[in-house]
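Novice: Data: model.cif, mmCIF, C-alpha atoms.
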data_coords
loop_
_atom_site.group_PDB
_atom_site.id
_atom_site.type_symbol
_atom_site.label_atom_id
_atom_site.label_comp_id
_atom_site.auth_asym_id
_atom_site.auth_seq_id
_atom_site.Cartn_x
_atom_site.Cartn_y
_atom_site.Cartn_z
ATOM 1 C CA MET X 1 38.285 53.641 52.569
ATOM 2 C CA VAL X 2 41.257 52.721 54.757
ATOM 3 C CA ARG X 3 42.534 55.510 56.961
ATOM 4 C CA ARG X 4 46.252 56.141 56.415
ATOM 5 C CA HIS X 5 48.346 55.956 59.572
ATOM 6 C CA ASP X 6 50.421 59.133 59.961
ATOM 7 C CA PRO X 7 52.575 58.955 63.103
ATOM 8 C CA GLU X 8 54.308 62.258 62.231
ATOM 9 C CA ARG X 9 51.090 64.243 61.898
ATOM 10 C CA ARG X 10 51.188 65.671 65.425
ATOM 11 C CA ARG X 11 54.724 66.961 64.858
ATOM 12 C CA ARG X 12 53.757 68.407 61.474
ATOM 13 C CA ILE X 13 50.879 70.265 63.103
ATOM 14 C CA ILE X 14 53.225 71.742 65.726
ATOM 15 C CA ASP X 15 55.705 72.745 63.013
ATOM 16 C CA ALA X 16 52.860 74.362 61.076
ATOM 17 C CA ALA X 17 51.720 76.266 64.183
ATOM 18 C CA ILE X 18 55.253 77.613 64.636
ATOM 19 C CA ARG X 19 55.323 78.746 60.986
ATOM 20 C CA VAL X 20 51.898 80.408 61.314
ATOM 21 C CA VAL X 21 53.011 82.318 64.418
ATOM 22 C CA GLY X 22 56.211 83.298 62.599
ATOM 23 C CA GLN X 23 54.248 84.651 59.638
ATOM 24 C CA LYS X 24 51.145 86.128 61.289
ATOM 25 C CA GLY X 25 51.879 86.342 64.987
ATOM 26 C CA ILE X 26 49.868 84.622 67.695
ATOM 27 C CA ALA X 27 46.784 86.612 66.673
ATOM 28 C CA GLY X 28 46.840 84.750 63.347
ATOM 29 C CA LEU X 29 46.889 81.313 64.959
ATOM 30 C CA SER X 30 43.747 79.195 64.688
ATOM 31 C CA HIS X 31 43.015 75.531 64.150
ATOM 32 C CA ARG X 32 41.967 76.440 60.614
ATOM 33 C CA THR X 33 45.173 78.338 59.709
ATOM 34 C CA VAL X 34 47.319 75.584 61.190
ATOM 35 C CA ALA X 35 45.384 72.845 59.351
ATOM 36 C CA ALA X 36 45.845 74.716 56.070
ATOM 37 C CA GLU X 37 49.574 75.246 56.726
ATOM 38 C CA ALA X 38 50.089 71.581 57.694
ATOM 39 C CA ASP X 39 47.911 70.381 54.810
ATOM 40 C CA VAL X 40 45.804 68.213 57.109
ATOM 41 C CA PRO X 41 42.042 68.085 57.738
ATOM 42 C CA LEU X 42 40.772 70.571 60.312
ATOM 43 C CA GLY X 43 39.657 67.673 62.504
ATOM 44 C CA SER X 44 43.267 66.513 62.815
ATOM 45 C CA THR X 45 44.324 69.680 64.581
ATOM 46 C CA THR X 46 41.451 69.529 67.045
ATOM 47 C CA TYR X 47 42.025 65.792 67.564
ATOM 48 C CA HIS X 48 45.642 66.328 68.608
ATOM 49 C CA PHE X 49 45.116 69.728 70.284
ATOM 50 C CA ALA X 50 41.677 70.364 71.744
ATOM 51 C CA THR X 51 42.392 74.040 72.393
ATOM 52 C CA LEU X 52 44.703 76.678 70.944
ATOM 53 C CA ASP X 53 46.430 76.848 74.322
ATOM 54 C CA ASP X 54 47.258 73.128 74.004
ATOM 55 C CA LEU X 55 48.760 73.835 70.590
ATOM 56 C CA LEU X 56 50.708 76.857 71.867
ATOM 57 C CA VAL X 57 52.082 74.822 74.793
ATOM 58 C CA ALA X 58 53.384 72.207 72.354
ATOM 59 C CA ALA X 59 54.814 74.891 70.051
ATOM 60 C CA LEU X 60 56.584 76.674 72.915
ATOM 61 C CA ARG X 61 57.984 73.414 74.240
ATOM 62 C CA GLN X 62 59.372 72.605 70.801
ATOM 63 C CA ALA X 63 60.734 76.149 70.364
ATOM 64 C CA ASN X 64 62.495 75.849 73.737
ATOM 65 C CA GLU X 65 64.513 72.994 72.273
ATOM 66 C CA GLY X 66 66.428 75.486 70.096
ATOM 67 C CA PHE X 67 68.446 77.003 72.915
ATOM 68 C CA ALA X 68 68.772 73.624 74.664
ATOM 69 C CA LYS X 69 70.442 72.190 71.534
ATOM 70 C CA VAL X 70 72.933 75.057 71.388
ATOM 71 C CA VAL X 71 73.743 74.573 75.086
ATOM 72 C CA ALA X 72 74.120 70.801 74.621
ATOM 73 C CA ALA X 73 76.653 71.459 71.852
ATOM 74 C CA HIS X 74 78.894 73.215 74.406
ATOM 75 C CA PRO X 75 79.912 70.582 76.980
ATOM 76 C CA ALA X 76 82.624 72.980 78.210
ATOM 77 C CA LEU X 77 79.881 74.784 80.134
ATOM 78 C CA LEU X 78 80.005 71.933 82.627
ATOM 79 C CA GLU X 79 83.787 71.746 82.926
ATOM 80 C CA PRO X 80 84.908 73.219 86.275
ATOM 81 C CA GLU X 81 88.002 74.884 84.775
ATOM 82 C CA ALA X 82 86.171 76.465 81.844
ATOM 83 C CA ASP X 83 85.667 80.230 81.736
ATOM 84 C CA LEU X 84 81.902 80.182 82.337
ATOM 85 C CA PRO X 85 81.215 83.836 81.363
ATOM 86 C CA ALA X 86 83.143 83.410 78.100
ATOM 87 C CA GLU X 87 81.400 80.097 77.334
ATOM 88 C CA LEU X 88 77.950 81.552 78.035
ATOM 89 C CA ALA X 89 78.693 84.616 75.897
ATOM 90 C CA ARG X 90 79.804 82.298 73.081
ATOM 91 C CA VAL X 91 76.656 80.149 73.406
ATOM 92 C CA LEU X 92 74.444 83.224 73.337
ATOM 93 C CA GLY X 93 76.275 84.488 70.268
ATOM 94 C CA GLU X 94 75.705 81.200 68.448
ATOM 95 C CA TRP X 95 72.024 81.235 69.300
ATOM 96 C CA LEU X 96 71.506 84.845 68.244
ATOM 97 C CA GLY X 97 73.831 84.471 65.280
ATOM 98 C CA GLY X 98 71.797 81.715 63.671
ATOM 99 C CA ASP X 99 68.318 82.138 62.266
ATOM 100 C CA ARG X 100 67.138 85.120 64.289
ATOM 101 C CA THR X 101 63.572 84.523 63.078
ATOM 102 C CA GLY X 102 63.530 81.359 65.176
ATOM 103 C CA VAL X 103 64.802 83.240 68.227
ATOM 104 C CA GLU X 104 62.185 85.980 67.747
ATOM 105 C CA LEU X 105 59.477 83.349 67.410
ATOM 106 C CA GLU X 106 60.634 81.637 70.583
ATOM 107 C CA TYR X 107 60.406 84.926 72.470
ATOM 108 C CA GLU X 108 56.986 85.692 70.998
ATOM 109 C CA LEU X 109 55.696 82.373 72.317
ATOM 110 C CA TYR X 110 57.562 82.894 75.593
ATOM 111 C CA LEU X 111 56.029 86.345 76.146
ATOM 112 C CA ALA X 112 52.559 85.095 75.191
ATOM 113 C CA ALA X 113 52.585 83.452 78.624
ATOM 114 C CA LEU X 114 51.902 86.904 80.101
ATOM 115 C CA ARG X 115 48.337 86.696 78.795
ATOM 116 C CA ARG X 116 47.901 82.930 78.571
ATOM 117 C CA PRO X 117 48.363 81.271 81.979
ATOM 118 C CA ALA X 118 48.463 77.806 80.387
ATOM 119 C CA LEU X 119 51.797 78.731 78.820
ATOM 120 C CA ARG X 120 53.470 79.888 82.029
ATOM 121 C CA PRO X 121 54.726 76.492 83.241
ATOM 122 C CA VAL X 122 56.279 75.800 79.832
ATOM 123 C CA ALA X 123 57.803 79.281 79.648
ATOM 124 C CA ALA X 124 59.328 78.645 83.065
ATOM 125 C CA GLU X 125 60.842 75.353 81.867
ATOM 126 C CA TRP X 126 63.449 77.231 79.808
ATOM 127 C CA ALA X 127 64.663 79.299 82.762
ATOM 128 C CA GLU X 128 64.548 76.308 85.107
ATOM 129 C CA GLY X 129 66.428 74.052 82.694
ATOM 130 C CA VAL X 130 69.213 76.538 82.020
ATOM 131 C CA GLY X 131 69.283 77.486 85.709
ATOM 132 C CA ALA X 132 69.696 73.855 86.768
ATOM 133 C CA LEU X 133 72.562 73.433 84.307
ATOM 134 C CA LEU X 134 74.332 76.552 85.570
ATOM 135 C CA ALA X 135 73.703 75.716 89.235
ATOM 136 C CA ALA X 136 76.040 72.747 88.756
ATOM 137 C CA ARG X 137 78.817 75.296 88.118
ATOM 138 C CA THR X 138 77.782 78.041 90.551
ATOM 139 C CA ASP X 139 74.917 78.025 93.051
ATOM 140 C CA PRO X 140 71.123 78.357 92.603
ATOM 141 C CA VAL X 141 70.971 82.130 93.213
ATOM 142 C CA THR X 142 73.879 82.916 90.880
ATOM 143 C CA ALA X 143 72.418 80.542 88.287
ATOM 144 C CA ARG X 144 69.081 82.404 88.369
ATOM 145 C CA SER X 145 70.933 85.704 88.054
ATOM 146 C CA LEU X 146 72.842 84.445 85.015
ATOM 147 C CA VAL X 147 69.600 83.304 83.366
ATOM 148 C CA ALA X 148 68.080 86.751 83.980
ATOM 149 C CA VAL X 149 71.102 88.447 82.393
ATOM 150 C CA LEU X 150 71.069 86.091 79.387
ATOM 151 C CA ASP X 151 67.354 86.763 78.929
ATOM 152 C CA GLY X 152 67.854 90.512 79.225
ATOM 153 C CA ILE X 153 70.683 90.619 76.703
ATOM 154 C CA CYS X 154 68.637 88.571 74.231
ATOM 155 C CA LEU X 155 65.642 90.872 74.552
ATOM 156 C CA GLN X 156 67.806 93.987 74.132
ATOM 157 C CA VAL X 157 69.369 92.593 70.960
ATOM 158 C CA LEU X 158 65.997 91.548 69.529
ATOM 159 C CA LEU X 159 64.087 94.697 70.435
ATOM 160 C CA THR X 160 66.765 97.160 69.322
ATOM 161 C CA ASP X 161 67.827 95.097 66.287
ATOM 162 C CA THR X 162 71.459 95.694 67.193
ATOM 163 C CA PRO X 163 74.354 93.294 66.600
ATOM 164 C CA TYR X 164 75.190 90.989 69.464
ATOM 165 C CA ASP X 165 78.328 92.092 71.340
ATOM 166 C CA GLU X 166 79.952 88.946 72.725
ATOM 167 C CA GLU X 167 82.645 90.808 74.658
ATOM 168 C CA TYR X 168 80.065 93.012 76.386
ATOM 169 C CA ALA X 169 78.057 89.910 77.324
ATOM 170 C CA ARG X 170 81.188 88.218 78.691
ATOM 171 C CA GLN X 171 82.048 91.246 80.821
ATOM 172 C CA VAL X 172 78.521 91.517 82.228
ATOM 173 C CA LEU X 173 78.359 87.795 83.001
ATOM 174 C CA ALA X 174 81.811 87.978 84.617
ATOM 175 C CA ARG X 175 80.348 90.415 87.142
ATOM 176 C CA LEU X 176 78.381 87.444 88.464
ATOM 177 C CA VAL X 177 80.931 84.666 87.948
ATOM 178 C CA PRO X 178 84.649 85.509 87.955
ATOM 179 C CA ALA X 179 86.729 83.745 85.330
ATOM 180 C CA PRO X 180 89.114 81.026 86.596
ATOM 181 C CA GLY X 181 92.406 82.419 87.836
ATOM 182 C CA THR X 182 91.068 85.920 88.506
ATOM 183 C CA ARG X 183 89.733 87.487 91.627
ATOM 184 C CA ASP X 184 86.744 89.240 90.071
ATOM 185 C CA GLY X 185 86.614 88.231 86.400
ATOM 186 C CA ARG X 186 87.739 91.632 85.141
ATOM 187 C CA GLY X 187 90.524 91.938 82.630
ATOM 188 C CA PRO X 188 91.945 94.576 80.308
ATOM 189 C CA GLY X 189 89.221 96.683 78.767
ATOM 190 C CA SER X 190 86.515 95.386 81.099
ATOM 191 C CA LEU X 191 83.778 97.448 82.608
ATOM 192 C CA PRO X 192 84.855 99.473 85.654
ATOM 193 C CA PRO X 193 83.816 98.143 89.065
ATOM 194 C CA ALA X 194 80.486 99.338 90.358
ATOM 195 C CA THR X 195 80.767 101.928 93.078
ATOM 196 C CA ALA X 196 78.384 102.810 95.835
ATOM 197 C CA GLY X 197 76.637 106.080 95.155
#
Would you write out, as structure tokens, the structure that this file holds?

Specialist:
Amino acid sequence: MVRRHDPERRRRIIDAAIRVVGQKGIAGLSHRTVAAEADVPLGSTTYHFATLDDLLVAALRQANEGFAKVVAAHPALLEPEADLPAELARVLGEWLGGDRTGVELEYELYLAALRRPALRPVAAEWAEGVGALLAARTDPVTARSLVAVLDGICLQVLLTDTPYDEEYARQVLARLVPAPGTRDGRGPGSLPPATAG
């Protein structure tokens, strides 16, 4: 019997792992559940991914691509004259406004790194990638601060199941990066300046 060449099998296994985690959580992930979901022999999953951590690393890396694609669709982020807080708030709104199941899944994989050290370098790739992009517009410390705020807003929206408030996000981000043509990024209706207590 001739073995059929299936160059897409590895990708199908990763896609199946993402679906399994979406349906059953990470606790429901096994080579067996992924093989069944991908409709491939069990040996195929262990051939491509010797351990579940290997499979989770690949799944997280693929999930990370979701936000990267949204960012790539907004070249204005790199334009020096663009209103960076407004652009970032818009990008975040697009990401959270799409299929929120995908965003939740990405965060589930991301937070799994707390208990699975093998995932930590991949989880860090998201923050590093976005930080490097933003550092081209600001500086490394401000870029890291912006990433932390973006992450925090996403988690608040997901955990409280509240609608995303783009204007609130813009105002918070403007605290770190003033909009072009303003001294401090604040405009009508913005949050009041922080005062020393």

Novice: Need to verify the contact set: range 81-90 of chain X, 10 Å, only C-alpha atoms, exclusion of same-chain residues closer than 6 positions in sequence. Can you return it as a PDB file with C-alpha atoms, keeping the file's coordinate frame?

Specialist:
ATOM      1  CA  VAL X  71      73.743  74.573  75.086  1.00  0.00           C
ATOM      2  CA  HIS X  74      78.894  73.215  74.406  1.00  0.00           C
ATOM      3  CA  PRO X  75      79.912  70.582  76.980  1.00  0.00           C
ATOM      4  CA  LEU X  96      71.506  84.845  68.244  1.00  0.00           C
ATOM      5  CA  LEU X 134      74.332  76.552  85.570  1.00  0.00           C
ATOM      6  CA  ARG X 137      78.817  75.296  88.118  1.00  0.00           C
ATOM      7  CA  THR X 138      77.782  78.041  90.551  1.00  0.00           C
ATOM      8  CA  LEU X 146      72.842  84.445  85.015  1.00  0.00           C
ATOM      9  CA  LEU X 150      71.069  86.091  79.387  1.00  0.00           C
ATOM     10  CA  TYR X 164      75.190  90.989  69.464  1.00  0.00           C
ATOM     11  CA  ASP X 165      78.328  92.092  71.340  1.00  0.00           C
ATOM     12  CA  GLU X 166      79.952  88.946  72.725  1.00  0.00           C
ATOM     13  CA  GLU X 167      82.645  90.808  74.658  1.00  0.00           C
ATOM     14  CA  TYR X 168      80.065  93.012  76.386  1.00  0.00           C
ATOM     15  CA  ALA X 169      78.057  89.910  77.324  1.00  0.00           C
ATOM     16  CA  ARG X 170      81.188  88.218  78.691  1.00  0.00           C
ATOM     17  CA  GLN X 171      82.048  91.246  80.821  1.00  0.00           C
ATOM     18  CA  VAL X 172      78.521  91.517  82.228  1.00  0.00           C
ATOM     19  CA  LEU X 173      78.359  87.795  83.001  1.00  0.00           C
ATOM     20  CA  ALA X 174      81.811  87.978  84.617  1.00  0.00           C
ATOM     21  CA  ARG X 175      80.348  90.415  87.142  1.00  0.00           C
ATOM     22  CA  LEU X 176      78.381  87.444  88.464  1.00  0.00           C
ATOM     23  CA  VAL X 177      80.931  84.666  87.948  1.00  0.00           C
ATOM     24  CA  PRO X 178      84.649  85.509  87.955  1.00  0.00           C
ATOM     25  CA  ALA X 179      86.729  83.745  85.330  1.00  0.00           C
ATOM     26  CA  PRO X 180      89.114  81.026  86.596  1.00  0.00           C
ATOM     27  CA  GLY X 181      92.406  82.419  87.836  1.00  0.00           C
ATOM     28  CA  GLY X 185      86.614  88.231  86.400  1.00  0.00           C
TER      29      GLY X 185
END

Novice: Once the PyMOL selection byres ((chain X and resi 107) around 12) has been evaluated on this model, what residues remain selected, and can you format them as an MDAnalysis selection string?

Specialist: chainID X and resid 18 21:22 25:26 59:61 63:64 66:67 96 100:106 108:114 123 126 151:152 154:159

Novice: Considering only C-alpha atoms, can you say which of X:Val57, X:Ala27, X:Val130, X:Ala17 comes closest to Ala118 in chain X?

Specialist: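 Counting only C-alpha atoms, the residue closest to Ala118 in chain X is X:Val57.
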
Novice: So what do you get for CA of Lys69 in chain X versus CA of Gly93 in chain X, distance-wise?

Specialist: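 Between CA of Lys69 in chain X and CA of Gly93 in chain X the gap works out to 13.7 Å.
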
Novice: Select, from X:Ile13, X:Val122, X:Ala76, X:Ala132, the residue with the minimum atom-to-atom distance to Ala35 in chain X, counting all atoms listed in the file.

Specialist: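 Of X:Ile13, X:Val122, X:Ala76, X:Ala132, the one nearest Ala35 in chain X is X:Ile13, counting all atoms listed in the file.
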
Novice: Please compute the CA of His48 in chain X-CA of Arg19 in chain X distance, one decimal, in Å.

Specialist: 17.5 Å

Novice: Using Å and a single decimal, report how far CA of Ala127 in chain X sits from CA of Ser30 in chain X.

Specialist: 27.6 Å

Novice: Taking into account only C-alpha atoms, which residue in the set X:Ala38, X:Ala148, X:Leu92, X:Leu29 is nearest to Asp15 in chain X?

Specialist: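 Between X:Ala38, X:Ala148, X:Leu92, X:Leu29, the residue approaching Asp15 in chain X most closely is X:Ala38.
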
Novice: Need to verify the contact set: Thr45 in chain X, 9 Å, all atoms listed in the file, exclusion of same-chain residues closer than 6 positions in sequence. Can you return it as a PDB file with C-alpha atoms, in the coordinates of the input?

Specialist:
ATOM      1  CA  ARG X  10      51.188  65.671  65.425  1.00  0.00           C
ATOM      2  CA  ILE X  13      50.879  70.265  63.103  1.00  0.00           C
ATOM      3  CA  HIS X  31      43.015  75.531  64.150  1.00  0.00           C
ATOM      4  CA  ARG X  32      41.967  76.440  60.614  1.00  0.00           C
ATOM      5  CA  VAL X  34      47.319  75.584  61.190  1.00  0.00           C
ATOM      6  CA  ALA X  35      45.384  72.845  59.351  1.00  0.00           C
ATOM      7  CA  LEU X  55      48.760  73.835  70.590  1.00  0.00           C
TER       8      LEU X  55
END

Novice: Would you mind telling me which residue in X:Val70, X:Arg9, X:Pro117, X:Leu42 lies nearest to Asp54 in chain X when using all atoms listed in the file?

Specialist: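 Nearest to Asp54 in chain X: X:Pro117.
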
Novice: Between X:Gln62, X:Leu56, X:Glu8, X:Tyr47, which has the minimum distance to Arg120 in chain X (counting only C-alpha atoms)?

Specialist: X:Leu56
